[in-house]
Amino acid sequence: MKHSTATLNSVRATLDRRIADVDPIPNTSWGVDPSTNTVTVDVFDAVSAADEKRLTRLVARYGDAVRVNRLPGKVDTAAYETLGGIGIESTDVAAGRYSACTLGFNVRDASGQKYFVTAGHCADSSSFQWWDRQAGGIYLGKRIWYDYGAIEKDYAVMEYRGENLAAYGAVRAAGVEYEITDSRYPNDGESVKRAGAVSSDLVGAVLSPSETVTFTDGTVLKNMIKTSNCGLQGDSGGPLWAGTDALGIFSGGNTPAGEPCNSAQSQYRSFYQPVHWVLAHHGLHAF
């Protein structure tokens, strides 16, 4: 063999020490490959040009002791991702009932246990305790708390119990992810964004930070957030946010079924449960 095992292990250790331990480059991997008598470095498409240059400059000094492979795609965990704005569902097969809504925000308690919040009216029946991700039908967890009108709120808290899940402190709208780091009450007139499994509206404003609304079914909700964002059935429970702050959970609005709902609409109104109240009430925190 041209290169001794000690030499190859030294090269690998140098890559660890110079890159992985101090300034990691996402979408790369390396290790000693005895079959080729080299340290094999895999560089995936998602690596930035600057990071690739930094890595290849370092390995160039080792000549043919290092083999660089360029591969397609990016390196993700095999876990099923969950974040605000994705579709969620619950089914009661025996009763033939089905509820399809949107995940609002991922949150956690002081011990690190993860939960997610959505609208209470999505889960206001004993039939809808167990929740799945719509995409792939992946089991997420169980309803722990909920209210729809009993205390003039509209929220549900679900405890993550599924396996191999990656719950992120972010929301996704129109293919773009937005980081969420905290929660607060809204400010009158501030610009806000809304995401949902059916539609998203990224241009809106808070018209009232504390609104009393009575829905068609007679349910009265108080201290709700009213905005100029539109929203459709299936978007219920979805996130309302500003910057990196979680603001609300979509409860309902006046956008007619079948009408377009996007950032170009401004004639509709929608209402949200303040999420900061929910988290404070249950000892939870946004990521």
# chains A, B, ... in the order shown; residues from 1 in each chain; ligands from 1
>>> select_by_dssp(residues="stretch 10-184 of chain A", states="helix (DSSP H, G or I)", output="PyMOL selection string")
chain A and resi 10-20+49-65+120-123+135-137
>>> select_by_dssp(residues="stretch 47-231 of chain A", states="strand (DSSP E or B)", output="ChimeraX atom specification")
/A:66-71,80-84,87-92,97-102,105-108,114-118,130-133,138-148,154-160,165-173,176-179,182-183,191-194,201-214,220-227
>>> closest_residue(among="A:Ser200, A:Ser4, A:Asn229, A:Thr56", to="A:Thr38", atoms="only C-alpha atoms")
A:Ser4
>>> residues_around(residues="A:Ile138", least_positions_apart="3", cutoff="12 Å", atoms="only C-alpha atoms", output="VMD selection string")
chain A and resid 79 to 82 87 to 90 130 to 135 141 160 to 166
>>> write_last_selection(atoms="N, CA, C and O atoms", output="PDB file, in the first residue's frame")
ATOM      1  N   ALA A  79     -34.920  11.588   9.439  1.00  0.00           N
ATOM      2  CA  ALA A  79     -36.117  11.867  10.233  1.00  0.00           C
ATOM      3  C   ALA A  79     -37.148  12.614   9.393  1.00  0.00           C
ATOM      4  O   ALA A  79     -36.815  13.354   8.468  1.00  0.00           O
ATOM      5  N   TYR A  80     -38.409  12.425   9.734  1.00  0.00           N
ATOM      6  CA  TYR A  80     -39.488  13.143   9.062  1.00  0.00           C
ATOM      7  C   TYR A  80     -39.575  14.538   9.669  1.00  0.00           C
ATOM      8  O   TYR A  80     -39.760  14.692  10.873  1.00  0.00           O
ATOM      9  N   GLU A  81     -39.448  15.572   8.838  1.00  0.00           N
ATOM     10  CA  GLU A  81     -39.456  16.926   9.370  1.00  0.00           C
ATOM     11  C   GLU A  81     -40.868  17.399   9.668  1.00  0.00           C
ATOM     12  O   GLU A  81     -41.821  17.037   8.975  1.00  0.00           O
ATOM     13  N   THR A  82     -40.985  18.186  10.721  1.00  0.00           N
ATOM     14  CA  THR A  82     -42.248  18.849  11.039  1.00  0.00           C
ATOM     15  C   THR A  82     -41.925  20.292  11.392  1.00  0.00           C
ATOM     16  O   THR A  82     -40.957  20.567  12.096  1.00  0.00           O
ATOM     17  N   GLY A  87     -49.360  20.374   6.606  1.00  0.00           N
ATOM     18  CA  GLY A  87     -50.659  19.784   6.839  1.00  0.00           C
ATOM     19  C   GLY A  87     -50.616  18.680   7.884  1.00  0.00           C
ATOM     20  O   GLY A  87     -49.685  17.872   7.911  1.00  0.00           O
ATOM     21  N   ILE A  88     -51.630  18.648   8.753  1.00  0.00           N
ATOM     22  CA  ILE A  88     -51.768  17.591   9.749  1.00  0.00           C
ATOM     23  C   ILE A  88     -53.194  17.045   9.669  1.00  0.00           C
ATOM     24  O   ILE A  88     -54.109  17.715   9.180  1.00  0.00           O
ATOM     25  N   GLU A  89     -53.390  15.809  10.151  1.00  0.00           N
ATOM     26  CA  GLU A  89     -54.708  15.194  10.043  1.00  0.00           C
ATOM     27  C   GLU A  89     -54.946  14.213  11.176  1.00  0.00           C
ATOM     28  O   GLU A  89     -54.011  13.701  11.787  1.00  0.00           O
ATOM     29  N   SER A  90     -56.244  13.990  11.431  1.00  0.00           N
ATOM     30  CA  SER A  90     -56.653  12.995  12.414  1.00  0.00           C
ATOM     31  C   SER A  90     -57.891  12.297  11.872  1.00  0.00           C
ATOM     32  O   SER A  90     -58.773  12.945  11.289  1.00  0.00           O
ATOM     33  N   TRP A 130     -55.394  11.625  18.130  1.00  0.00           N
ATOM     34  CA  TRP A 130     -54.132  11.157  17.562  1.00  0.00           C
ATOM     35  C   TRP A 130     -53.914  11.817  16.211  1.00  0.00           C
ATOM     36  O   TRP A 130     -54.793  11.789  15.345  1.00  0.00           O
ATOM     37  N   TRP A 131     -52.703  12.399  16.026  1.00  0.00           N
ATOM     38  CA  TRP A 131     -52.471  13.227  14.858  1.00  0.00           C
ATOM     39  C   TRP A 131     -51.289  12.749  14.022  1.00  0.00           C
ATOM     40  O   TRP A 131     -50.286  12.295  14.553  1.00  0.00           O
ATOM     41  N   ASP A 132     -51.470  12.853  12.701  1.00  0.00           N
ATOM     42  CA  ASP A 132     -50.462  12.443  11.733  1.00  0.00           C
ATOM     43  C   ASP A 132     -50.078  13.635  10.857  1.00  0.00           C
ATOM     44  O   ASP A 132     -50.834  14.599  10.720  1.00  0.00           O
ATOM     45  N   ARG A 133     -48.921  13.535  10.242  1.00  0.00           N
ATOM     46  CA  ARG A 133     -48.544  14.465   9.192  1.00  0.00           C
ATOM     47  C   ARG A 133     -49.268  14.052   7.923  1.00  0.00           C
ATOM     48  O   ARG A 133     -49.285  12.873   7.564  1.00  0.00           O
ATOM     49  N   GLN A 134     -49.888  14.986   7.207  1.00  0.00           N
ATOM     50  CA  GLN A 134     -50.620  14.634   5.991  1.00  0.00           C
ATOM     51  C   GLN A 134     -49.707  13.976   4.969  1.00  0.00           C
ATOM     52  O   GLN A 134     -50.073  12.969   4.367  1.00  0.00           O
ATOM     53  N   ALA A 135     -48.549  14.543   4.741  1.00  0.00           N
ATOM     54  CA  ALA A 135     -47.613  13.973   3.774  1.00  0.00           C
ATOM     55  C   ALA A 135     -47.044  12.674   4.326  1.00  0.00           C
ATOM     56  O   ALA A 135     -46.273  12.678   5.270  1.00  0.00           O
ATOM     57  N   GLY A 141     -48.292  12.593  17.131  1.00  0.00           N
ATOM     58  CA  GLY A 141     -48.472  12.568  18.574  1.00  0.00           C
ATOM     59  C   GLY A 141     -49.924  12.672  18.995  1.00  0.00           C
ATOM     60  O   GLY A 141     -50.843  12.493  18.202  1.00  0.00           O
ATOM     61  N   TYR A 160     -45.547  15.513  21.009  1.00  0.00           N
ATOM     62  CA  TYR A 160     -44.889  14.639  20.052  1.00  0.00           C
ATOM     63  C   TYR A 160     -44.625  13.275  20.697  1.00  0.00           C
ATOM     64  O   TYR A 160     -43.996  13.177  21.751  1.00  0.00           O
ATOM     65  N   ARG A 161     -45.083  12.220  20.034  1.00  0.00           N
ATOM     66  CA  ARG A 161     -44.851  10.861  20.511  1.00  0.00           C
ATOM     67  C   ARG A 161     -44.374   9.936  19.394  1.00  0.00           C
ATOM     68  O   ARG A 161     -44.034   8.786  19.654  1.00  0.00           O
ATOM     69  N   GLY A 162     -44.383  10.411  18.170  1.00  0.00           N
ATOM     70  CA  GLY A 162     -43.935   9.589  17.055  1.00  0.00           C
ATOM     71  C   GLY A 162     -42.434   9.395  17.067  1.00  0.00           C
ATOM     72  O   GLY A 162     -41.688  10.135  17.722  1.00  0.00           O
ATOM     73  N   GLU A 163     -41.986   8.398  16.339  1.00  0.00           N
ATOM     74  CA  GLU A 163     -40.562   8.091  16.270  1.00  0.00           C
ATOM     75  C   GLU A 163     -39.926   8.722  15.037  1.00  0.00           C
ATOM     76  O   GLU A 163     -40.582   8.962  14.031  1.00  0.00           O
ATOM     77  N   ASN A 164     -38.646   8.993  15.149  1.00  0.00           N
ATOM     78  CA  ASN A 164     -37.851   9.485  14.021  1.00  0.00           C
ATOM     79  C   ASN A 164     -38.421  10.771  13.427  1.00  0.00           C
ATOM     80  O   ASN A 164     -38.604  10.900  12.219  1.00  0.00           O
ATOM     81  N   LEU A 165     -38.702  11.742  14.322  1.00  0.00           N
ATOM     82  CA  LEU A 165     -39.237  13.023  13.901  1.00  0.00           C
ATOM     83  C   LEU A 165     -38.220  14.130  14.173  1.00  0.00           C
ATOM     84  O   LEU A 165     -37.522  14.108  15.183  1.00  0.00           O
ATOM     85  N   ALA A 166     -38.149  15.095  13.278  1.00  0.00           N
ATOM     86  CA  ALA A 166     -37.300  16.264  13.467  1.00  0.00           C
ATOM     87  C   ALA A 166     -38.203  17.493  13.508  1.00  0.00           C
ATOM     88  O   ALA A 166     -38.688  17.953  12.476  1.00  0.00           O
TER      89      ALA A 166
END
>>> residues_around(residues="A:Ala119", least_positions_apart="5", cutoff="8 Å", atoms="only C-alpha atoms", output="compact mmCIF listing (two decimals) with N, CA, C and O atoms, in the first residue's frame")
# COMPACT_ATOMS: atom_id res chain seq x y z
N CYS A 101 -56.03 19.93 9.16
CA CYS A 101 -55.68 21.29 9.57
C CYS A 101 -54.20 21.55 9.30
O CYS A 101 -53.59 20.84 8.51
N GLY A 104 -49.27 24.74 13.67
CA GLY A 104 -48.96 26.14 13.91
C GLY A 104 -47.49 26.38 14.21
O GLY A 104 -46.75 26.87 13.36
N ASP A 154 -59.28 29.28 21.27
CA ASP A 154 -59.30 28.30 20.18
C ASP A 154 -57.88 27.79 19.96
O ASP A 154 -57.11 28.36 19.17
N TYR A 155 -57.51 26.72 20.67
CA TYR A 155 -56.16 26.19 20.54
C TYR A 155 -56.13 24.74 20.96
O TYR A 155 -57.00 24.26 21.71
N ALA A 156 -55.13 24.02 20.50
CA ALA A 156 -54.85 22.65 20.94
C ALA A 156 -53.36 22.48 21.04
O ALA A 156 -52.60 23.03 20.23
N SER A 236 -56.65 26.13 9.00
CA SER A 236 -56.88 26.30 10.44
C SER A 236 -55.72 25.76 11.26
O SER A 236 -55.20 24.67 10.98
N GLY A 237 -55.35 26.52 12.28
CA GLY A 237 -54.25 26.11 13.14
C GLY A 237 -52.90 26.61 12.69
O GLY A 237 -51.92 26.51 13.42
N GLY A 238 -52.83 27.15 11.47
CA GLY A 238 -51.56 27.57 10.90
C GLY A 238 -50.98 28.80 11.59
O GLY A 238 -51.67 29.51 12.32
N ILE A 249 -52.41 31.64 16.12
CA ILE A 249 -52.84 30.37 15.54
C ILE A 249 -54.13 30.67 14.78
O ILE A 249 -55.11 31.16 15.36
N PHE A 250 -54.16 30.37 13.50
CA PHE A 250 -55.31 30.72 12.65
C PHE A 250 -56.57 29.99 13.10
O PHE A 250 -56.60 28.76 13.18
N SER A 251 -57.61 30.78 13.37
CA SER A 251 -58.88 30.23 13.82
C SER A 251 -59.93 30.24 12.72
O SER A 251 -60.63 29.26 12.50
N GLN A 273 -55.89 32.96 17.47
CA GLN A 273 -55.66 32.81 18.89
C GLN A 273 -54.23 33.29 19.20
O GLN A 273 -53.28 32.79 18.60
>>> residues_around(residues="A:Tyr168", least_positions_apart="6", cutoff="10 Å", atoms="only C-alpha atoms", output="ChimeraX atom specification")
/A:81-84,105-107,114,179-180,287
>>> write_last_selection(atoms="all heavy atoms", output="tab-separated table (two decimals), in the first residue's frame")
chain	number	residue	atom	x	y	z
A	81	GLU	N	-39.45	15.57	8.84
A	81	GLU	CA	-39.46	16.93	9.37
A	81	GLU	C	-40.87	17.40	9.67
A	81	GLU	O	-41.82	17.04	8.98
A	81	GLU	CB	-38.78	17.89	8.39
A	81	GLU	CG	-39.53	18.08	7.09
A	81	GLU	CD	-38.90	19.16	6.22
A	81	GLU	OE1	-37.86	19.69	6.62
A	81	GLU	OE2	-39.46	19.46	5.15
A	82	THR	N	-40.98	18.19	10.72
A	82	THR	CA	-42.25	18.85	11.04
A	82	THR	C	-41.92	20.29	11.39
A	82	THR	O	-40.96	20.57	12.10
A	82	THR	CB	-42.99	18.18	12.21
A	82	THR	OG1	-42.39	18.56	13.45
A	82	THR	CG2	-42.98	16.67	12.08
A	83	LEU	N	-42.75	21.20	10.90
A	83	LEU	CA	-42.59	22.61	11.17
A	83	LEU	C	-43.90	23.32	10.88
A	83	LEU	O	-44.82	22.73	10.29
A	83	LEU	CB	-41.44	23.21	10.37
A	83	LEU	CG	-41.55	23.36	8.85
A	83	LEU	CD1	-40.38	24.18	8.34
A	83	LEU	CD2	-41.53	22.02	8.14
A	84	GLY	N	-44.02	24.56	11.31
A	84	GLY	CA	-45.25	25.29	11.10
A	84	GLY	C	-45.61	25.41	9.63
A	84	GLY	O	-44.75	25.58	8.78
A	105	PHE	N	-47.08	26.01	15.41
A	105	PHE	CA	-45.69	26.19	15.81
A	105	PHE	C	-45.22	24.98	16.62
A	105	PHE	O	-46.00	24.39	17.37
A	105	PHE	CB	-45.51	27.44	16.69
A	105	PHE	CG	-45.88	28.72	16.01
A	105	PHE	CD1	-47.12	29.29	16.24
A	105	PHE	CD2	-45.00	29.36	15.16
A	105	PHE	CE1	-47.49	30.48	15.63
A	105	PHE	CE2	-45.35	30.56	14.54
A	105	PHE	CZ	-46.59	31.11	14.78
A	106	ASN	N	-43.97	24.62	16.46
A	106	ASN	CA	-43.34	23.67	17.37
A	106	ASN	C	-42.87	24.42	18.60
A	106	ASN	O	-42.32	25.53	18.51
A	106	ASN	CB	-42.15	22.99	16.69
A	106	ASN	CG	-42.58	21.97	15.67
A	106	ASN	OD1	-43.57	21.27	15.84
A	106	ASN	ND2	-41.83	21.87	14.58
A	107	VAL	N	-43.08	23.81	19.77
A	107	VAL	CA	-42.72	24.44	21.04
A	107	VAL	C	-42.15	23.37	21.96
A	107	VAL	O	-42.17	22.19	21.65
A	107	VAL	CB	-43.95	25.13	21.69
A	107	VAL	CG1	-44.48	26.24	20.79
A	107	VAL	CG2	-45.06	24.11	21.95
A	114	LYS	N	-40.96	18.12	23.36
A	114	LYS	CA	-41.50	18.92	22.26
A	114	LYS	C	-42.99	18.70	22.07
A	114	LYS	O	-43.51	17.60	22.25
A	114	LYS	CB	-40.74	18.60	20.97
A	114	LYS	CG	-39.28	19.03	21.01
A	114	LYS	CD	-38.56	18.71	19.71
A	114	LYS	CE	-37.11	19.16	19.78
A	114	LYS	NZ	-36.38	18.87	18.52
A	179	GLU	N	-37.38	31.26	10.30
A	179	GLU	CA	-37.00	30.83	11.65
A	179	GLU	C	-37.89	31.50	12.70
A	179	GLU	O	-38.22	32.69	12.60
A	179	GLU	CB	-35.54	31.19	11.92
A	179	GLU	CG	-35.04	30.70	13.27
A	179	GLU	CD	-33.59	31.08	13.53
A	179	GLU	OE1	-33.06	31.93	12.77
A	179	GLU	OE2	-33.00	30.54	14.47
A	180	ILE	N	-38.28	30.72	13.72
A	180	ILE	CA	-39.05	31.23	14.85
A	180	ILE	C	-38.23	31.01	16.11
A	180	ILE	O	-37.81	29.89	16.41
A	180	ILE	CB	-40.40	30.51	14.97
A	180	ILE	CG1	-41.24	30.70	13.71
A	180	ILE	CG2	-41.17	31.00	16.21
A	180	ILE	CD1	-41.63	32.14	13.41
A	287	PHE	N	-39.24	27.98	20.07
A	287	PHE	CA	-37.83	27.60	19.94
A	287	PHE	C	-36.92	28.83	20.07
A	287	PHE	O	-37.23	29.89	19.63
A	287	PHE	CB	-37.62	26.93	18.58
A	287	PHE	CG	-37.94	25.45	18.62
A	287	PHE	CD1	-39.14	25.02	19.13
A	287	PHE	CD2	-37.04	24.53	18.13
A	287	PHE	CE1	-39.45	23.66	19.16
A	287	PHE	CE2	-37.34	23.18	18.16
A	287	PHE	CZ	-38.55	22.75	18.68
>>> closest_residue(among="A:Arg108, A:Arg269, A:Arg184, A:Arg54", to="A:Asp201", atoms="only C-alpha atoms")
A:Arg269
>>> closest_residue(among="A:Val59, A:Ala6, A:Gly234, A:Thr212", to="A:Pro34", atoms="only C-alpha atoms")
A:Ala6
>>> residues_around(residues="A:Asp182", least_positions_apart="6", cutoff="12 Å", atoms="only C-alpha atoms", output="PyMOL selection string")
chain A and resi 105-108+169-170+241-248+275-276+279-280+284-287
>>> closest_residue(among="A:Arg67, A:Arg194, A:Arg17, A:Arg172", to="A:Asn262", atoms="only C-alpha atoms")
A:Arg194
>>> atom_distance(atom1="atom CA of A:Thr214", atom2="atom CA of A:Trp277")
19.8 Å
>>> residues_around(residues="A:Gly218", least_positions_apart="2", cutoff="12 Å", atoms="only C-alpha atoms", output="ChimeraX atom specification")
/A:148-150,152,213-216,220-221
>>> decode(residues="stretch 35-46 of chain A", atoms="all heavy atoms", output="PDB file, in the first residue's frame")
ATOM      1  N   SER A  35     -10.245   0.209   0.832  1.00  0.00           N
ATOM      2  CA  SER A  35     -10.288  -0.431  -0.480  1.00  0.00           C
ATOM      3  C   SER A  35      -9.575   0.390  -1.544  1.00  0.00           C
ATOM      4  O   SER A  35      -9.103  -0.148  -2.553  1.00  0.00           O
ATOM      5  CB  SER A  35     -11.740  -0.683  -0.904  1.00  0.00           C
ATOM      6  OG  SER A  35     -12.419   0.542  -1.128  1.00  0.00           O
ATOM      7  N   THR A  36      -9.503   1.712  -1.363  1.00  0.00           N
ATOM      8  CA  THR A  36      -8.816   2.570  -2.332  1.00  0.00           C
ATOM      9  C   THR A  36      -7.530   3.163  -1.770  1.00  0.00           C
ATOM     10  O   THR A  36      -6.844   3.916  -2.466  1.00  0.00           O
ATOM     11  CB  THR A  36      -9.741   3.720  -2.785  1.00  0.00           C
ATOM     12  OG1 THR A  36     -10.094   4.514  -1.642  1.00  0.00           O
ATOM     13  CG2 THR A  36     -11.001   3.182  -3.440  1.00  0.00           C
ATOM     14  N   ASN A  37      -7.241   2.840  -0.509  1.00  0.00           N
ATOM     15  CA  ASN A  37      -6.031   3.346   0.152  1.00  0.00           C
ATOM     16  C   ASN A  37      -5.989   4.879   0.124  1.00  0.00           C
ATOM     17  O   ASN A  37      -4.960   5.491  -0.150  1.00  0.00           O
ATOM     18  CB  ASN A  37      -4.777   2.768  -0.526  1.00  0.00           C
ATOM     19  CG  ASN A  37      -3.497   3.068   0.257  1.00  0.00           C
ATOM     20  OD1 ASN A  37      -2.493   3.461  -0.331  1.00  0.00           O
ATOM     21  ND2 ASN A  37      -3.517   2.914   1.564  1.00  0.00           N
ATOM     22  N   THR A  38      -7.163   5.478   0.389  1.00  0.00           N
ATOM     23  CA  THR A  38      -7.268   6.947   0.410  1.00  0.00           C
ATOM     24  C   THR A  38      -8.202   7.380   1.542  1.00  0.00           C
ATOM     25  O   THR A  38      -8.948   6.571   2.109  1.00  0.00           O
ATOM     26  CB  THR A  38      -7.845   7.495  -0.908  1.00  0.00           C
ATOM     27  OG1 THR A  38      -9.184   7.005  -1.073  1.00  0.00           O
ATOM     28  CG2 THR A  38      -6.987   7.118  -2.097  1.00  0.00           C
ATOM     29  N   VAL A  39      -8.158   8.667   1.808  1.00  0.00           N
ATOM     30  CA  VAL A  39      -9.225   9.319   2.573  1.00  0.00           C
ATOM     31  C   VAL A  39     -10.213   9.830   1.526  1.00  0.00           C
ATOM     32  O   VAL A  39      -9.866  10.672   0.680  1.00  0.00           O
ATOM     33  CB  VAL A  39      -8.696  10.484   3.425  1.00  0.00           C
ATOM     34  CG1 VAL A  39      -9.860  11.253   4.041  1.00  0.00           C
ATOM     35  CG2 VAL A  39      -7.771   9.966   4.513  1.00  0.00           C
ATOM     36  N   THR A  40     -11.421   9.303   1.550  1.00  0.00           N
ATOM     37  CA  THR A  40     -12.435   9.696   0.567  1.00  0.00           C
ATOM     38  C   THR A  40     -13.265  10.847   1.123  1.00  0.00           C
ATOM     39  O   THR A  40     -13.840  10.743   2.209  1.00  0.00           O
ATOM     40  CB  THR A  40     -13.361   8.520   0.227  1.00  0.00           C
ATOM     41  OG1 THR A  40     -12.578   7.466  -0.333  1.00  0.00           O
ATOM     42  CG2 THR A  40     -14.421   8.944  -0.767  1.00  0.00           C
ATOM     43  N   VAL A  41     -13.314  11.934   0.385  1.00  0.00           N
ATOM     44  CA  VAL A  41     -14.075  13.122   0.764  1.00  0.00           C
ATOM     45  C   VAL A  41     -15.246  13.267  -0.203  1.00  0.00           C
ATOM     46  O   VAL A  41     -15.038  13.404  -1.419  1.00  0.00           O
ATOM     47  CB  VAL A  41     -13.197  14.391   0.728  1.00  0.00           C
ATOM     48  CG1 VAL A  41     -14.043  15.627   1.047  1.00  0.00           C
ATOM     49  CG2 VAL A  41     -12.037  14.267   1.701  1.00  0.00           C
ATOM     50  N   ASP A  42     -16.478  13.221   0.332  1.00  0.00           N
ATOM     51  CA  ASP A  42     -17.673  13.409  -0.491  1.00  0.00           C
ATOM     52  C   ASP A  42     -18.168  14.845  -0.342  1.00  0.00           C
ATOM     53  O   ASP A  42     -18.393  15.334   0.769  1.00  0.00           O
ATOM     54  CB  ASP A  42     -18.780  12.450  -0.064  1.00  0.00           C
ATOM     55  CG  ASP A  42     -18.478  11.014  -0.467  1.00  0.00           C
ATOM     56  OD1 ASP A  42     -17.617  10.813  -1.337  1.00  0.00           O
ATOM     57  OD2 ASP A  42     -19.106  10.090   0.096  1.00  0.00           O
ATOM     58  N   VAL A  43     -18.328  15.518  -1.477  1.00  0.00           N
ATOM     59  CA  VAL A  43     -18.824  16.891  -1.512  1.00  0.00           C
ATOM     60  C   VAL A  43     -20.142  16.886  -2.287  1.00  0.00           C
ATOM     61  O   VAL A  43     -20.164  16.563  -3.472  1.00  0.00           O
ATOM     62  CB  VAL A  43     -17.808  17.838  -2.196  1.00  0.00           C
ATOM     63  CG1 VAL A  43     -18.371  19.259  -2.254  1.00  0.00           C
ATOM     64  CG2 VAL A  43     -16.480  17.814  -1.448  1.00  0.00           C
ATOM     65  N   PHE A  44     -21.239  17.246  -1.606  1.00  0.00           N
ATOM     66  CA  PHE A  44     -22.562  17.207  -2.223  1.00  0.00           C
ATOM     67  C   PHE A  44     -22.919  18.566  -2.831  1.00  0.00           C
ATOM     68  O   PHE A  44     -22.332  19.601  -2.478  1.00  0.00           O
ATOM     69  CB  PHE A  44     -23.602  16.775  -1.191  1.00  0.00           C
ATOM     70  CG  PHE A  44     -23.389  15.364  -0.701  1.00  0.00           C
ATOM     71  CD1 PHE A  44     -22.461  15.102   0.307  1.00  0.00           C
ATOM     72  CD2 PHE A  44     -24.081  14.303  -1.251  1.00  0.00           C
ATOM     73  CE1 PHE A  44     -22.242  13.804   0.755  1.00  0.00           C
ATOM     74  CE2 PHE A  44     -23.870  13.001  -0.813  1.00  0.00           C
ATOM     75  CZ  PHE A  44     -22.939  12.757   0.191  1.00  0.00           C
ATOM     76  N   ASP A  45     -23.868  18.552  -3.758  1.00  0.00           N
ATOM     77  CA  ASP A  45     -24.199  19.753  -4.531  1.00  0.00           C
ATOM     78  C   ASP A  45     -24.511  20.977  -3.672  1.00  0.00           C
ATOM     79  O   ASP A  45     -24.260  22.108  -4.088  1.00  0.00           O
ATOM     80  CB  ASP A  45     -25.423  19.484  -5.428  1.00  0.00           C
ATOM     81  CG  ASP A  45     -25.052  18.702  -6.676  1.00  0.00           C
ATOM     82  OD1 ASP A  45     -23.842  18.618  -6.971  1.00  0.00           O
ATOM     83  OD2 ASP A  45     -25.959  18.162  -7.338  1.00  0.00           O
ATOM     84  N   ALA A  46     -25.096  20.750  -2.489  1.00  0.00           N
ATOM     85  CA  ALA A  46     -25.560  21.870  -1.672  1.00  0.00           C
ATOM     86  C   ALA A  46     -24.431  22.647  -1.001  1.00  0.00           C
ATOM     87  O   ALA A  46     -24.682  23.679  -0.370  1.00  0.00           O
ATOM     88  CB  ALA A  46     -26.536  21.367  -0.609  1.00  0.00           C
TER      89      ALA A  46
END
